[in-house]
>>> print(open('work_1.csv').read())   # CSV, C-alpha atoms
chain,number,residue,atom,x,y,z
K,1,MET,CA,-3.4,11.1,-0.2
K,2,VAL,CA,-5.5,12.4,2.7
K,3,ARG,CA,-5.4,14.3,5.9
K,4,ILE,CA,-5.0,11.7,8.7
K,5,VAL,CA,-5.4,12.3,12.5
K,6,MET,CA,-3.1,10.1,14.5
K,7,ASP,CA,-3.7,8.5,17.9
K,8,SER,CA,-0.8,7.8,20.1
K,9,GLY,CA,-0.8,4.0,19.5
K,10,PRO,CA,0.3,3.9,15.8
K,11,LEU,CA,3.0,6.5,16.4
K,12,ILE,CA,4.4,4.6,19.3
K,13,SER,CA,4.2,1.4,17.3
K,14,PHE,CA,6.1,3.0,14.4
K,15,SER,CA,8.7,4.5,16.8
K,16,ASP,CA,9.2,1.2,18.6
K,17,THR,CA,9.6,-0.8,15.4
K,18,CYS,CA,12.0,1.7,13.6
K,19,LEU,CA,9.2,2.5,11.2
K,20,ILE,CA,8.7,6.2,12.2
K,21,ASN,CA,10.0,7.3,8.8
K,22,VAL,CA,6.8,5.8,7.3
K,23,VAL,CA,5.1,9.1,8.4
K,24,SER,CA,7.7,11.2,6.7
K,25,PHE,CA,7.6,9.0,3.6
K,26,LEU,CA,3.9,9.4,3.2
K,27,ARG,CA,3.9,13.1,4.0
K,28,GLN,CA,6.3,13.7,1.2
K,29,ARG,CA,3.8,11.9,-1.1
K,30,GLY,CA,0.9,14.2,-0.1
K,31,ALA,CA,-0.4,12.9,3.2
K,32,GLU,CA,-0.9,15.3,6.1
K,33,PHE,CA,-0.7,13.9,9.7
K,34,LEU,CA,-2.4,15.8,12.5
K,35,ILE,CA,-2.1,15.1,16.3
K,36,PRO,CA,-4.1,16.9,19.0
K,37,ARG,CA,-2.2,18.5,21.9
K,38,SER,CA,-3.3,15.6,24.2
K,39,VAL,CA,-1.7,13.1,21.9
K,40,GLU,CA,1.5,15.2,21.9
K,41,GLN,CA,1.4,14.9,25.7
K,42,GLU,CA,1.1,11.1,25.5
K,43,ILE,CA,3.9,10.5,23.0
K,44,VAL,CA,6.4,13.2,23.9
K,45,SER,CA,5.9,15.2,27.1
K,46,THR,CA,5.1,12.3,29.5
K,47,PRO,CA,7.4,9.6,28.1
K,48,LEU,CA,10.4,12.0,28.0
K,49,LYS,CA,10.3,11.9,31.8
K,50,ILE,CA,10.6,8.1,31.8
K,51,ARG,CA,14.0,6.7,30.9
K,52,ARG,CA,12.6,3.5,29.4
K,53,TYR,CA,10.5,5.5,26.9
K,54,ALA,CA,12.5,8.6,26.5
K,55,PHE,CA,14.3,7.7,23.2
K,56,SER,CA,11.0,6.8,21.5
K,57,ALA,CA,9.7,10.2,22.7
K,58,VAL,CA,12.8,11.9,21.2
K,59,ARG,CA,12.1,10.3,17.8
K,60,LEU,CA,8.5,11.4,17.8
K,61,HIS,CA,9.5,14.9,19.0
K,62,LYS,CA,11.8,15.1,16.0
K,63,ALA,CA,8.9,14.1,13.7
K,64,ILE,CA,7.0,17.1,15.0
K,65,ASP,CA,9.9,19.4,14.7
K,66,ASP,CA,10.5,18.2,11.1
K,67,GLY,CA,6.9,18.9,10.2
K,68,ASP,CA,5.9,15.3,9.6
K,69,LEU,CA,3.4,15.6,12.5
K,70,LYS,CA,1.3,18.8,12.9
K,71,VAL,CA,0.1,19.5,16.4
K,72,VAL,CA,-3.4,21.0,16.4
K,73,ASN,CA,-5.8,22.4,19.0
K,74,VAL,CA,-9.3,20.9,19.1
K,75,ASN,CA,-12.7,22.2,20.3
K,76,VAL,CA,-12.9,21.2,23.9
K,77,ASN,CA,-16.7,21.2,23.9
K,78,LEU,CA,-16.7,18.7,21.1
K,79,VAL,CA,-14.1,16.5,22.9
K,80,GLU,CA,-16.3,16.6,26.0
K,81,ARG,CA,-19.5,15.7,24.1
K,82,ILE,CA,-17.7,12.7,22.5
K,83,THR,CA,-16.2,11.6,25.8
K,84,ILE,CA,-19.5,11.8,27.7
K,85,ALA,CA,-21.4,9.9,25.0
K,86,ALA,CA,-18.8,7.2,24.6
K,87,ASN,CA,-18.2,6.6,28.3
K,88,SER,CA,-21.9,6.2,29.0
K,89,VAL,CA,-22.7,3.7,26.3
K,90,PHE,CA,-22.0,0.5,28.2
K,91,SER,CA,-22.4,-0.3,31.9
K,92,VAL,CA,-21.7,-3.5,33.9
K,93,ARG,CA,-23.2,-4.0,37.4
K,94,ARG,CA,-24.7,-0.5,37.2
K,95,GLN,CA,-21.3,1.0,36.6
K,96,PRO,CA,-20.6,2.9,33.3
K,97,LEU,CA,-17.5,1.7,31.5
K,98,LYS,CA,-14.8,4.2,30.4
K,99,ILE,CA,-14.2,3.4,26.8
K,100,LEU,CA,-12.5,6.5,25.5
K,101,HIS,CA,-9.4,8.3,26.9
K,102,ALA,CA,-8.5,11.9,26.4
K,103,GLY,CA,-6.3,11.4,23.4
K,104,GLU,CA,-8.8,9.2,21.5
K,105,ALA,CA,-11.7,11.6,22.1
K,106,ALA,CA,-9.5,14.5,20.9
K,107,CYS,CA,-8.6,12.5,17.8
K,108,LEU,CA,-12.3,12.0,17.0
K,109,ALA,CA,-12.9,15.7,17.5
K,110,ALA,CA,-10.0,16.6,15.3
K,111,TYR,CA,-11.3,14.3,12.6
K,112,LYS,CA,-14.5,16.3,12.4
K,113,GLU,CA,-13.0,19.7,13.0
K,114,PHE,CA,-10.3,19.4,10.4
K,115,ASN,CA,-12.2,17.4,7.8
K,116,CYS,CA,-9.9,14.4,8.0
K,117,GLY,CA,-10.1,11.4,5.7
K,118,ALA,CA,-9.0,8.8,8.2
K,119,LEU,CA,-8.2,8.2,11.9
K,120,ALA,CA,-5.2,6.0,12.6
K,121,ILE,CA,-5.7,4.1,15.8
K,122,ASP,CA,-4.3,0.7,16.8
K,123,GLU,CA,-6.4,0.2,19.9
K,124,LYS,CA,-9.2,-2.3,19.4
K,125,THR,CA,-11.9,-1.1,21.8
K,126,THR,CA,-12.3,2.4,20.3
K,127,ARG,CA,-12.3,0.9,16.8
K,128,LEU,CA,-15.0,-1.5,17.7
K,129,LEU,CA,-17.1,1.2,19.3
K,130,ILE,CA,-17.1,3.0,16.0
K,131,GLU,CA,-17.3,0.1,13.6
K,132,ASP,CA,-19.1,-2.7,15.5
K,133,PRO,CA,-20.6,-1.8,19.0
K,134,GLU,CA,-22.5,-5.1,19.2
K,135,LEU,CA,-19.3,-7.1,18.9
K,136,LEU,CA,-17.7,-4.8,21.5
K,137,GLN,CA,-20.7,-5.4,23.8
K,138,GLU,CA,-20.1,-9.2,23.4
K,139,ASN,CA,-16.4,-8.9,24.1
K,140,ILE,CA,-17.0,-6.8,27.2
K,141,GLY,CA,-19.5,-9.4,28.5
K,142,ASP,CA,-17.0,-12.2,28.0
K,143,GLU,CA,-14.3,-10.1,29.8
K,144,TYR,CA,-16.5,-9.2,32.8
K,145,ARG,CA,-18.5,-12.4,32.7
K,146,SER,CA,-21.6,-10.3,33.3
K,147,LYS,CA,-24.5,-8.8,31.4
K,148,VAL,CA,-23.6,-5.6,29.6
K,149,PHE,CA,-26.3,-2.9,29.4
K,150,VAL,CA,-26.4,-0.5,26.5
K,151,ASN,CA,-27.6,3.1,26.8
K,152,SER,CA,-29.2,3.5,23.4
K,153,ASN,CA,-29.4,7.3,23.6
K,154,SER,CA,-25.7,7.6,24.3
K,155,LEU,CA,-24.8,5.1,21.5
K,156,ASN,CA,-27.0,7.1,19.1
K,157,GLN,CA,-25.3,10.3,20.1
K,158,PHE,CA,-21.8,8.8,19.8
K,159,ASN,CA,-22.8,7.4,16.4
K,160,SER,CA,-24.0,10.8,15.3
K,161,LEU,CA,-20.7,12.5,16.5
K,162,THR,CA,-18.5,9.9,14.7
K,163,LYS,CA,-20.6,9.3,11.6
K,164,GLY,CA,-18.3,8.6,8.6
K,165,VAL,CA,-15.1,8.1,10.5
K,166,GLU,CA,-12.7,5.9,8.5
K,167,ILE,CA,-10.3,3.8,10.6
K,168,LEU,CA,-6.7,2.9,9.7
K,169,ARG,CA,-4.2,0.9,11.7
K,170,SER,CA,-0.4,1.3,11.7
K,171,THR,CA,-0.4,-1.9,9.6
K,172,ASP,CA,-2.5,-0.2,6.9
K,173,LEU,CA,-0.2,2.8,6.7
K,174,ALA,CA,2.8,0.5,6.5
K,175,THR,CA,1.1,-1.3,3.6
K,176,VAL,CA,0.3,1.9,1.8
K,177,ALA,CA,3.9,3.0,2.2
K,178,ALA,CA,5.1,-0.4,1.0
K,179,LYS,CA,3.1,-0.2,-2.2
K,180,ARG,CA,4.6,3.2,-2.8
K,181,GLY,CA,8.2,1.9,-2.5
K,182,TYR,CA,9.1,2.5,1.2
K,183,PHE,CA,10.9,-0.8,1.5
K,184,ASN,CA,12.7,-0.6,-1.9
K,185,SER,CA,15.9,0.3,-0.1
K,186,PHE,CA,16.1,-3.3,1.2
K,187,GLY,CA,16.6,-4.4,-2.4
K,188,LYS,CA,15.9,-8.1,-2.8
K,189,HIS,CA,14.8,-8.2,0.8
K,190,SER,CA,12.1,-5.6,0.4
K,191,ARG,CA,9.2,-8.1,0.5
K,192,GLN,CA,10.6,-9.8,3.5
K,193,ALA,CA,11.1,-6.5,5.2
K,194,PHE,CA,7.5,-5.6,4.6
K,195,GLN,CA,6.2,-8.9,5.8
K,196,THR,CA,8.2,-8.9,9.0
K,197,SER,CA,7.3,-5.2,9.7
K,198,ILE,CA,3.6,-6.2,9.9
K,199,TYR,CA,4.3,-8.8,12.6
K,200,ALA,CA,6.6,-6.3,14.4
K,201,LEU,CA,3.7,-3.8,14.5
K,202,LYS,CA,1.4,-6.5,15.9
K,203,GLN,CA,4.0,-7.2,18.6
K,204,ALA,CA,4.3,-3.5,19.3
K,205,GLY,CA,0.6,-3.2,20.1
K,206,CYS,CA,-1.4,-3.0,16.9
K,207,SER,CA,-4.6,-5.0,17.3
K,208,VAL,CA,-4.5,-7.4,14.3
K,209,SER,CA,-5.3,-11.1,14.3
K,210,GLU,CA,-2.9,-13.7,13.0
K,211,LYS,CA,-5.3,-14.2,10.1
K,212,GLU,CA,-5.1,-10.5,9.3
K,213,VAL,CA,-1.3,-10.6,9.6
K,214,SER,CA,-1.2,-13.4,7.0
K,215,ASP,CA,-3.5,-11.3,4.7
K,216,TYR,CA,-1.3,-8.3,5.0
K,217,GLN,CA,1.8,-10.3,4.3
K,218,ALA,CA,0.2,-11.8,1.2
K,219,ILE,CA,-0.2,-8.4,-0.4
K,220,LYS,CA,2.1,-7.8,-3.4
K,221,ILE,CA,4.1,-4.6,-3.0
K,222,SER,CA,5.8,-4.5,-6.4
>>> encode(input="work_1.csv", output="structure tokens")
Amino acid sequence: MVRIVMDSGPLISFSDTCLINVVSFLRQRGAEFLIPRSVEQEIVSTPLKIRRYAFSAVRLHKAIDDGDLKVVNVNVNLVERITIAANSVFSVRRQPLKILHAGEAACLAAYKEFNCGALAIDEKTTRLLIEDPELLQENIGDEYRSKVFVNSNSLNQFNSLTKGVEILRSTDLATVAAKRGYFNSFGKHSRQAFQTSIYALKQAGCSVSEKEVSDYQAIKIS
């Protein structure tokens, strides 16, 4: 397995769908999961103050206490460089668009600083900025119904700072866990448990299409 830096989205999705033990399961099989301090703030410190989200925060706090998630400090200068580059790539009506938030930028910095093998992120915009900025530009244009301008220098700088970043979603991690026997405790219902977990993660916020859900669900896990 690899060292994986986790954005808040997949962790919240796992917590909300009762799949948080996927992280512990994979850690016991060699994976290492890192979260920057800003992500810890997003998944624990802030939601603990909101009754609606507090129980999810408690579950994630326990994952940190148990050692399943390792909180790390990241280079603030690198975070700033990534943030400035990303948030000046696109502009609409002469206004730059904020693409990355603090946690996402910190995750990208941690990926580089700690030599990670994957970044787990469920949010579509950041993933497209890394993997397919042209499609993101098209999507933004459709959303704003306006021409989207691209700052090539900023895009080149962002690409340089994020070169080689491999993206996973919570659905990918759930699939890896399924192949390694995570759902075996469901006995004859293990395949159904895996298939329904994928749709549950989509409903919890993981950006996957219905076609992708079907593709995941068709994967043989045993």
>>> closest_atom_pairs(input="work_1.csv", of="segment 53-153 of chain K", to="segment 9-21 of chain K", cutoff="12 Å", atoms="all atoms listed in the file", output="JSON lines")
{"residue": "K:Tyr53", "atom": "CA", "partner": "K:Asp16", "partner_atom": "CA", "distance": 9.4}
{"residue": "K:Ala54", "atom": "CA", "partner": "K:Ser15", "partner_atom": "CA", "distance": 11.2}
{"residue": "K:Phe55", "atom": "CA", "partner": "K:Ser15", "partner_atom": "CA", "distance": 9.1}
{"residue": "K:Ser56", "atom": "CA", "partner": "K:Ser15", "partner_atom": "CA", "distance": 5.7}
{"residue": "K:Ala57", "atom": "CA", "partner": "K:Ser15", "partner_atom": "CA", "distance": 8.3}
{"residue": "K:Val58", "atom": "CA", "partner": "K:Ser15", "partner_atom": "CA", "distance": 9.5}
{"residue": "K:Arg59", "atom": "CA", "partner": "K:Ser15", "partner_atom": "CA", "distance": 6.8}
{"residue": "K:Leu60", "atom": "CA", "partner": "K:Ser15", "partner_atom": "CA", "distance": 7.0}
{"residue": "K:His61", "atom": "CA", "partner": "K:Ser15", "partner_atom": "CA", "distance": 10.7}
{"residue": "K:Lys62", "atom": "CA", "partner": "K:Ile20", "partner_atom": "CA", "distance": 10.2}
{"residue": "K:Ala63", "atom": "CA", "partner": "K:Ile20", "partner_atom": "CA", "distance": 8.0}
{"residue": "K:Ile64", "atom": "CA", "partner": "K:Ile20", "partner_atom": "CA", "distance": 11.4}
{"residue": "K:Asp66", "atom": "CA", "partner": "K:Asn21", "partner_atom": "CA", "distance": 11.2}
{"residue": "K:Asp68", "atom": "CA", "partner": "K:Asn21", "partner_atom": "CA", "distance": 9.0}
{"residue": "K:Leu69", "atom": "CA", "partner": "K:Leu11", "partner_atom": "CA", "distance": 9.9}
{"residue": "K:Gly103", "atom": "CA", "partner": "K:Gly9", "partner_atom": "CA", "distance": 10.0}
{"residue": "K:Glu104", "atom": "CA", "partner": "K:Gly9", "partner_atom": "CA", "distance": 9.7}
{"residue": "K:Cys107", "atom": "CA", "partner": "K:Gly9", "partner_atom": "CA", "distance": 11.7}
{"residue": "K:Leu119", "atom": "CA", "partner": "K:Pro10", "partner_atom": "CA", "distance": 10.3}
{"residue": "K:Ala120", "atom": "CA", "partner": "K:Pro10", "partner_atom": "CA", "distance": 6.7}
{"residue": "K:Ile121", "atom": "CA", "partner": "K:Pro10", "partner_atom": "CA", "distance": 6.0}
{"residue": "K:Asp122", "atom": "CA", "partner": "K:Gly9", "partner_atom": "CA", "distance": 5.5}
{"residue": "K:Glu123", "atom": "CA", "partner": "K:Gly9", "partner_atom": "CA", "distance": 6.8}
{"residue": "K:Lys124", "atom": "CA", "partner": "K:Gly9", "partner_atom": "CA", "distance": 10.5}
{"residue": "K:Thr126", "atom": "CA", "partner": "K:Gly9", "partner_atom": "CA", "distance": 11.6}
>>> closest_residue(input="work_1.csv", among="K:Phe90, K:Ser154, K:Ser214, K:Val39", to="Leu136 of chain K", atoms="all atoms listed in the file")
K:Phe90
>>> closest_residue(input="work_1.csv", among="K:Ala193, K:Val44, K:Ile4, K:Leu201", to="Gly30 of chain K", atoms="only C-alpha atoms")
K:Ile4
>>> closest_residue(input="work_1.csv", among="K:Val74, K:Ile82, K:Val23, K:Ala200", to="Arg37 of chain K", atoms="all atoms listed in the file")
K:Val74
>>> closest_residue(input="work_1.csv", among="K:Lys70, K:Ser45, K:Ile140, K:Asn75", to="Val92 of chain K", atoms="only C-alpha atoms")
K:Ile140
>>> closest_residue(input="work_1.csv", among="K:Ser24, K:Phe186, K:Ser170, K:Lys163", to="Ala204 of chain K", atoms="all atoms listed in the file")
K:Ser170
>>> closest_residue(input="work_1.csv", among="K:Thr162, K:Ser207, K:Ser152, K:Gln192", to="Ala118 of chain K", atoms="only C-alpha atoms")
K:Thr162
>>> atom_distance(input="work_1.csv", atom1="atom CA of Ala106 of chain K", atom2="atom CA of Asn153 of chain K")
21.3 Å
>>> atom_distance(input="work_1.csv", atom1="atom CA of Ser8 of chain K", atom2="atom CA of Ser38 of chain K")
9.2 Å
>>> residues_around(input="work_1.csv", residues="Leu100 of chain K", least_positions_apart="3", cutoff="12 Å", atoms="all atoms listed in the file", output="ChimeraX atom specification")
/K:7,79-90,96-97,103-108,123-130,158
>>> atom_distance(input="work_1.csv", atom1="atom CA of Glu138 of chain K", atom2="atom CA of Cys206 of chain K")
20.7 Å
>>> residues_near_point(input="work_1.csv", point="(4.0, -5.4, -1.2)", cutoff="10 Å", atoms="only C-alpha atoms", output="mmCIF file with C-alpha atoms, in the coordinates of the input")
data_model
loop_
_atom_site.group_PDB
_atom_site.id
_atom_site.type_symbol
_atom_site.label_atom_id
_atom_site.label_comp_id
_atom_site.auth_asym_id
_atom_site.auth_seq_id
_atom_site.Cartn_x
_atom_site.Cartn_y
_atom_site.Cartn_z
ATOM 1 C CA ALA K 174 2.800 0.500 6.500
ATOM 2 C CA THR K 175 1.100 -1.300 3.600
ATOM 3 C CA VAL K 176 0.300 1.900 1.800
ATOM 4 C CA ALA K 177 3.900 3.000 2.200
ATOM 5 C CA ALA K 178 5.100 -0.400 1.000
ATOM 6 C CA LYS K 179 3.100 -0.200 -2.200
ATOM 7 C CA ARG K 180 4.600 3.200 -2.800
ATOM 8 C CA GLY K 181 8.200 1.900 -2.500
ATOM 9 C CA TYR K 182 9.100 2.500 1.200
ATOM 10 C CA PHE K 183 10.900 -0.800 1.500
ATOM 11 C CA ASN K 184 12.700 -0.600 -1.900
ATOM 12 C CA SER K 190 12.100 -5.600 0.400
ATOM 13 C CA ARG K 191 9.200 -8.100 0.500
ATOM 14 C CA GLN K 192 10.600 -9.800 3.500
ATOM 15 C CA ALA K 193 11.100 -6.500 5.200
ATOM 16 C CA PHE K 194 7.500 -5.600 4.600
ATOM 17 C CA GLN K 195 6.200 -8.900 5.800
ATOM 18 C CA TYR K 216 -1.300 -8.300 5.000
ATOM 19 C CA GLN K 217 1.800 -10.300 4.300
ATOM 20 C CA ALA K 218 0.200 -11.800 1.200
ATOM 21 C CA ILE K 219 -0.200 -8.400 -0.400
ATOM 22 C CA LYS K 220 2.100 -7.800 -3.400
ATOM 23 C CA ILE K 221 4.100 -4.600 -3.000
ATOM 24 C CA SER K 222 5.800 -4.500 -6.400
#
>>> residues_around(input="work_1.csv", residues="Gln137 of chain K", least_positions_apart="4", cutoff="9 Å", atoms="only C-alpha atoms", output="PyMOL selection string")
chain K and resi 90+129+132-133+141-142+148-150
